Amino acid sequence: MIFTETKLGGAFIVEPELREDERGFFARTFCQHEFAAHGLKVEVAQANLSFNHRAGTLRGLHFQRPPAAETKLVRCTRGAIVDVIVDLRPGSPTYLQHVAVELSEDNRRALYVPELFAHGYQTLTDGAEVTYQVGEFYTPGAEGGLRYDDPRLGITWPLPVTVISDKDAAWPLLTTEEVTA
């Protein structure tokens with residue numbers, strides 16, 4: 001696997017190294033040893049799948065607070081998405097900065113999302129399917145979220161939002177105070 005750290009320290013784009021022959025290809029998408037060698041948490045508590053009917057669907061921006069803070073390894077296995085993460089680590093030099101990465105069935109990339117990051121994505125295609133390996137169990141009392149259109153975050157989504165849950169549309173806007181993840 002090829003690990004490329006983003007401008008948000010600890011967040012990585014993970015690309016498979018394809019071993020190709022006349023049959024097609026084979027590649028690892030996860031290896032505890034390789035992830036650990038990059039200082040990444042390797043525990044997987046849950047594996048999740050989401051399917052999205054329409055391009056422009058927006059999910060997020062979600063996070064869980066300690067003691068249930070979670071890592072995520074996110075991959076788009078059908079269609080394409082723009083995946084966005086926001087650094088919520090107190091004292092981080094990139095606090096409230098974000099990175100957007102296109103994940104698609106064609107580029108086969110994954111995005112490793114560290115603890116104390118908000119995560120969300122927008123679908124670029126109809127029928128987009130996304131898988132997540134998550135390092136902590138879903139804990140409703142620990143969940144939080146950021147508004148996708150919060151001017152303080154300055155995220156430019158590639159498409160108009162066509163579908164969003166009531167819950168995601170209702171996250172409060174940030175104040176001048178820090179977000180506590």
# chains A, B, ... in the order shown; residues from 1 in each chain; ligands from 1
call {"tool": "select_by_dssp", "arguments": {"residues": "chain A", "states": "alpha helix (DSSP H)", "output": "ChimeraX atom specification"}}
result
/A:32-37,166-169
call {"tool": "write_last_selection", "arguments": {"atoms": "all heavy atoms", "output": "PDB file, in the first residue's frame"}}
result
ATOM      1  N   GLN A  32      -2.555  -4.688   9.204  1.00  0.00           N
ATOM      2  CA  GLN A  32      -2.251  -4.130  10.521  1.00  0.00           C
ATOM      3  C   GLN A  32      -0.795  -3.707  10.630  1.00  0.00           C
ATOM      4  O   GLN A  32      -0.512  -2.642  11.171  1.00  0.00           O
ATOM      5  CB  GLN A  32      -2.579  -5.150  11.614  1.00  0.00           C
ATOM      6  CG  GLN A  32      -4.043  -5.309  11.875  1.00  0.00           C
ATOM      7  CD  GLN A  32      -4.315  -6.239  13.041  1.00  0.00           C
ATOM      8  OE1 GLN A  32      -3.445  -6.963  13.517  1.00  0.00           O
ATOM      9  NE2 GLN A  32      -5.557  -6.214  13.509  1.00  0.00           N
ATOM     10  N   HIS A  33       0.113  -4.502  10.107  1.00  0.00           N
ATOM     11  CA  HIS A  33       1.539  -4.173  10.208  1.00  0.00           C
ATOM     12  C   HIS A  33       1.871  -2.868   9.477  1.00  0.00           C
ATOM     13  O   HIS A  33       2.596  -2.020  10.008  1.00  0.00           O
ATOM     14  CB  HIS A  33       2.406  -5.307   9.667  1.00  0.00           C
ATOM     15  CG  HIS A  33       2.314  -6.570  10.456  1.00  0.00           C
ATOM     16  ND1 HIS A  33       2.708  -6.663  11.766  1.00  0.00           N
ATOM     17  CD2 HIS A  33       1.847  -7.789  10.113  1.00  0.00           C
ATOM     18  CE1 HIS A  33       2.502  -7.884  12.212  1.00  0.00           C
ATOM     19  NE2 HIS A  33       1.972  -8.596  11.229  1.00  0.00           N
ATOM     20  N   GLU A  34       1.358  -2.711   8.258  1.00  0.00           N
ATOM     21  CA  GLU A  34       1.663  -1.504   7.488  1.00  0.00           C
ATOM     22  C   GLU A  34       1.023  -0.257   8.109  1.00  0.00           C
ATOM     23  O   GLU A  34       1.636   0.806   8.143  1.00  0.00           O
ATOM     24  CB  GLU A  34       1.217  -1.667   6.037  1.00  0.00           C
ATOM     25  CG  GLU A  34       2.083  -2.665   5.270  1.00  0.00           C
ATOM     26  CD  GLU A  34       1.706  -2.749   3.812  1.00  0.00           C
ATOM     27  OE1 GLU A  34       1.708  -1.692   3.135  1.00  0.00           O
ATOM     28  OE2 GLU A  34       1.403  -3.868   3.341  1.00  0.00           O
ATOM     29  N   PHE A  35      -0.207  -0.390   8.594  1.00  0.00           N
ATOM     30  CA  PHE A  35      -0.847   0.750   9.251  1.00  0.00           C
ATOM     31  C   PHE A  35      -0.089   1.123  10.528  1.00  0.00           C
ATOM     32  O   PHE A  35       0.169   2.304  10.775  1.00  0.00           O
ATOM     33  CB  PHE A  35      -2.321   0.444   9.537  1.00  0.00           C
ATOM     34  CG  PHE A  35      -3.227   0.746   8.386  1.00  0.00           C
ATOM     35  CD1 PHE A  35      -3.187  -0.020   7.231  1.00  0.00           C
ATOM     36  CD2 PHE A  35      -4.104   1.812   8.437  1.00  0.00           C
ATOM     37  CE1 PHE A  35      -4.017   0.253   6.157  1.00  0.00           C
ATOM     38  CE2 PHE A  35      -4.942   2.111   7.364  1.00  0.00           C
ATOM     39  CZ  PHE A  35      -4.882   1.318   6.220  1.00  0.00           C
ATOM     40  N   ALA A  36       0.262   0.146  11.332  1.00  0.00           N
ATOM     41  CA  ALA A  36       0.994   0.405  12.573  1.00  0.00           C
ATOM     42  C   ALA A  36       2.356   1.042  12.288  1.00  0.00           C
ATOM     43  O   ALA A  36       2.803   1.920  13.034  1.00  0.00           O
ATOM     44  CB  ALA A  36       1.157  -0.882  13.372  1.00  0.00           C
ATOM     45  N   ALA A  37       3.008   0.640  11.205  1.00  0.00           N
ATOM     46  CA  ALA A  37       4.307   1.213  10.843  1.00  0.00           C
ATOM     47  C   ALA A  37       4.197   2.709  10.535  1.00  0.00           C
ATOM     48  O   ALA A  37       5.185   3.436  10.637  1.00  0.00           O
ATOM     49  CB  ALA A  37       4.901   0.468   9.642  1.00  0.00           C
ATOM     50  N   ASP A 166     -32.242  15.420   8.057  1.00  0.00           N
ATOM     51  CA  ASP A 166     -32.635  16.535   8.922  1.00  0.00           C
ATOM     52  C   ASP A 166     -31.598  16.757  10.013  1.00  0.00           C
ATOM     53  O   ASP A 166     -31.274  17.893  10.355  1.00  0.00           O
ATOM     54  CB  ASP A 166     -34.006  16.267   9.551  1.00  0.00           C
ATOM     55  CG  ASP A 166     -35.138  16.294   8.537  1.00  0.00           C
ATOM     56  OD1 ASP A 166     -34.947  16.858   7.430  1.00  0.00           O
ATOM     57  OD2 ASP A 166     -36.214  15.745   8.845  1.00  0.00           O
ATOM     58  N   LYS A 167     -31.083  15.668  10.556  1.00  0.00           N
ATOM     59  CA  LYS A 167     -30.086  15.751  11.629  1.00  0.00           C
ATOM     60  C   LYS A 167     -28.823  16.483  11.141  1.00  0.00           C
ATOM     61  O   LYS A 167     -28.307  17.366  11.826  1.00  0.00           O
ATOM     62  CB  LYS A 167     -29.745  14.342  12.107  1.00  0.00           C
ATOM     63  CG  LYS A 167     -28.739  14.272  13.220  1.00  0.00           C
ATOM     64  CD  LYS A 167     -28.540  12.818  13.601  1.00  0.00           C
ATOM     65  CE  LYS A 167     -27.512  12.630  14.652  1.00  0.00           C
ATOM     66  NZ  LYS A 167     -27.350  11.219  15.022  1.00  0.00           N
ATOM     67  N   ASP A 168     -28.310  16.099   9.949  1.00  0.00           N
ATOM     68  CA  ASP A 168     -27.088  16.732   9.445  1.00  0.00           C
ATOM     69  C   ASP A 168     -27.318  18.196   9.076  1.00  0.00           C
ATOM     70  O   ASP A 168     -26.424  19.026   9.230  1.00  0.00           O
ATOM     71  CB  ASP A 168     -26.538  15.961   8.250  1.00  0.00           C
ATOM     72  CG  ASP A 168     -25.897  14.646   8.660  1.00  0.00           C
ATOM     73  OD1 ASP A 168     -25.648  14.441   9.861  1.00  0.00           O
ATOM     74  OD2 ASP A 168     -25.649  13.815   7.762  1.00  0.00           O
ATOM     75  N   ALA A 169     -28.503  18.539   8.598  1.00  0.00           N
ATOM     76  CA  ALA A 169     -28.804  19.922   8.246  1.00  0.00           C
ATOM     77  C   ALA A 169     -28.978  20.805   9.481  1.00  0.00           C
ATOM     78  O   ALA A 169     -28.870  22.023   9.389  1.00  0.00           O
ATOM     79  CB  ALA A 169     -30.070  19.976   7.392  1.00  0.00           C
TER      80      ALA A 169
END
call {"tool": "select_by_dssp", "arguments": {"residues": "chain A", "states": "strand (DSSP E)", "output": "MDAnalysis selection string"}}
result
chainID A and resid 2:5 12:15 19:21 24:26 46:52 57:64 72:78 80:87 98:104 110:113 117:123 128:134 143:145 163:164
call {"tool": "residues_around", "arguments": {"residues": "A:Ile164", "least_positions_apart": "6", "cutoff": "9 Å", "atoms": "only C-alpha atoms", "output": "PDB file with N, CA and C atoms, in the first residue's frame"}}
result
ATOM      1  N   GLY A  56     -24.995  14.292  -5.321  1.00  0.00           N
ATOM      2  CA  GLY A  56     -25.254  15.483  -4.516  1.00  0.00           C
ATOM      3  C   GLY A  56     -25.675  15.169  -3.096  1.00  0.00           C
ATOM      4  N   THR A  57     -25.887  13.877  -2.787  1.00  0.00           N
ATOM      5  CA  THR A  57     -26.228  13.492  -1.418  1.00  0.00           C
ATOM      6  C   THR A  57     -25.072  13.842  -0.504  1.00  0.00           C
ATOM      7  N   LEU A  58     -25.375  14.418   0.651  1.00  0.00           N
ATOM      8  CA  LEU A  58     -24.341  14.793   1.614  1.00  0.00           C
ATOM      9  C   LEU A  58     -24.591  14.069   2.933  1.00  0.00           C
ATOM     10  N   ARG A  59     -23.550  13.431   3.435  1.00  0.00           N
ATOM     11  CA  ARG A  59     -23.587  12.769   4.744  1.00  0.00           C
ATOM     12  C   ARG A  59     -22.489  13.378   5.606  1.00  0.00           C
ATOM     13  N   GLY A  60     -22.885  13.860   6.782  1.00  0.00           N
ATOM     14  CA  GLY A  60     -21.887  14.396   7.705  1.00  0.00           C
ATOM     15  C   GLY A  60     -22.092  15.876   7.920  1.00  0.00           C
TER      16      GLY A  60
END
call {"tool": "closest_residue", "arguments": {"among": "A:Ala110, A:Leu49, A:Ala142, A:Ala128", "to": "A:Pro67", "atoms": "only C-alpha atoms"}}
result
A:Ala142
call {"tool": "atom_distance", "arguments": {"atom1": "atom CA of A:Leu18", "atom2": "atom CA of A:Glu43"}}
result
24.3 Å
call {"tool": "residues_around", "arguments": {"residues": "A:Thr156", "least_positions_apart": "2", "cutoff": "12 Å", "atoms": "only C-alpha atoms", "output": "PyMOL selection string"}}
result
chain A and resi 82-84+98-100+121-122+148-154+158-161
call {"tool": "closest_residue", "arguments": {"among": "A:Leu61, A:Leu111, A:Leu73, A:Ile2", "to": "A:Ala45", "atoms": "only C-alpha atoms"}}
result
A:Leu73
call {"tool": "atom_distance", "arguments": {"atom1": "atom CA of A:Tyr132", "atom2": "atom CA of A:Glu17"}}
result
19.7 Å
call {"tool": "residues_around", "arguments": {"residues": "stretch 10-12 of chain A", "least_positions_apart": "5", "cutoff": "8 Å", "atoms": "only C-alpha atoms", "output": "PDB file with C-alpha atoms, in the first residue's frame"}}
result
ATOM      1  CA  PHE A   3       0.482   5.948   2.300  1.00  0.00           C
ATOM      2  CA  THR A   4       0.417   9.686   1.573  1.00  0.00           C
ATOM      3  CA  GLU A   5      -0.021  11.981   4.560  1.00  0.00           C
ATOM      4  CA  LEU A  40      -2.026   4.518  12.694  1.00  0.00           C
ATOM      5  CA  LEU A 111      -8.894   7.904   3.409  1.00  0.00           C
ATOM      6  CA  TYR A 112      -7.663   7.193   6.932  1.00  0.00           C
ATOM      7  CA  VAL A 113      -9.453   9.528   9.353  1.00  0.00           C
ATOM      8  CA  PRO A 114      -7.769   9.874  12.774  1.00  0.00           C
TER       9      PRO A 114
END
call {"tool": "atom_distance", "arguments": {"atom1": "atom CA of A:Lys72", "atom2": "atom CA of A:Lys41"}}
result
9.5 Å
call {"tool": "decode", "arguments": {"residues": "stretch 79-90 of chain A", "atoms": "all heavy atoms", "output": "compact mmCIF listing (two decimals), in the first residue's frame"}}
result
# COMPACT_ATOMS: atom_id res chain seq x y z
N GLY A 79 -19.14 4.08 -7.82
CA GLY A 79 -19.35 5.50 -8.08
C GLY A 79 -18.19 6.34 -7.57
O GLY A 79 -17.04 5.89 -7.57
N ALA A 80 -18.52 7.55 -7.12
CA ALA A 80 -17.48 8.48 -6.67
C ALA A 80 -18.05 9.44 -5.64
O ALA A 80 -19.23 9.79 -5.68
CB ALA A 80 -16.91 9.26 -7.86
N ILE A 81 -17.17 9.86 -4.72
CA ILE A 81 -17.52 10.82 -3.68
C ILE A 81 -16.38 11.81 -3.50
O ILE A 81 -15.24 11.54 -3.90
CB ILE A 81 -17.81 10.15 -2.31
CG1 ILE A 81 -16.55 9.49 -1.74
CG2 ILE A 81 -18.95 9.15 -2.43
CD1 ILE A 81 -16.68 8.99 -0.29
N VAL A 82 -16.68 12.94 -2.87
CA VAL A 82 -15.65 13.82 -2.32
C VAL A 82 -15.78 13.68 -0.81
O VAL A 82 -16.82 13.96 -0.23
CB VAL A 82 -15.82 15.28 -2.76
CG1 VAL A 82 -14.96 16.20 -1.92
CG2 VAL A 82 -15.47 15.42 -4.21
N ASP A 83 -14.72 13.18 -0.20
CA ASP A 83 -14.68 12.94 1.23
C ASP A 83 -13.96 14.11 1.89
O ASP A 83 -12.90 14.53 1.43
CB ASP A 83 -13.91 11.64 1.49
CG ASP A 83 -14.25 11.01 2.81
OD1 ASP A 83 -14.23 11.72 3.82
OD2 ASP A 83 -14.52 9.81 2.84
N VAL A 84 -14.57 14.65 2.94
CA VAL A 84 -14.01 15.82 3.62
C VAL A 84 -13.80 15.50 5.10
O VAL A 84 -14.69 14.93 5.74
CB VAL A 84 -14.95 17.05 3.49
CG1 VAL A 84 -14.45 18.22 4.32
CG2 VAL A 84 -15.09 17.45 2.03
N ILE A 85 -12.62 15.85 5.61
CA ILE A 85 -12.34 15.70 7.04
C ILE A 85 -11.92 17.05 7.60
O ILE A 85 -11.32 17.87 6.90
CB ILE A 85 -11.28 14.62 7.32
CG1 ILE A 85 -9.96 14.90 6.58
CG2 ILE A 85 -11.82 13.24 6.96
CD1 ILE A 85 -8.84 13.95 6.92
N VAL A 86 -12.27 17.27 8.88
CA VAL A 86 -11.96 18.53 9.57
C VAL A 86 -11.24 18.19 10.86
O VAL A 86 -11.70 17.36 11.65
CB VAL A 86 -13.25 19.32 9.89
CG1 VAL A 86 -12.91 20.61 10.65
CG2 VAL A 86 -14.04 19.63 8.63
N ASP A 87 -10.10 18.82 11.08
CA ASP A 87 -9.29 18.60 12.28
C ASP A 87 -9.94 19.28 13.48
O ASP A 87 -10.13 20.50 13.49
CB ASP A 87 -7.89 19.17 12.04
CG ASP A 87 -6.91 18.86 13.15
OD1 ASP A 87 -7.32 18.36 14.21
OD2 ASP A 87 -5.70 19.14 12.94
N LEU A 88 -10.29 18.49 14.49
CA LEU A 88 -10.89 19.02 15.72
C LEU A 88 -9.98 18.83 16.93
O LEU A 88 -10.43 18.98 18.07
CB LEU A 88 -12.24 18.32 15.99
CG LEU A 88 -13.30 18.51 14.92
CD1 LEU A 88 -14.57 17.74 15.30
CD2 LEU A 88 -13.60 19.98 14.71
N ARG A 89 -8.72 18.50 16.70
CA ARG A 89 -7.79 18.26 17.81
C ARG A 89 -7.43 19.58 18.49
O ARG A 89 -6.87 20.48 17.86
CB ARG A 89 -6.53 17.57 17.31
CG ARG A 89 -6.80 16.20 16.69
CD ARG A 89 -5.58 15.63 16.03
NE ARG A 89 -5.22 16.46 14.87
CZ ARG A 89 -4.23 16.17 14.03
NH1 ARG A 89 -3.50 15.09 14.22
NH2 ARG A 89 -3.96 16.97 13.01
N PRO A 90 -7.75 19.69 19.79
CA PRO A 90 -7.39 20.92 20.51
C PRO A 90 -5.88 21.17 20.43
O PRO A 90 -5.09 20.25 20.59
CB PRO A 90 -7.81 20.63 21.95
CG PRO A 90 -8.81 19.52 21.85
CD PRO A 90 -8.41 18.71 20.65
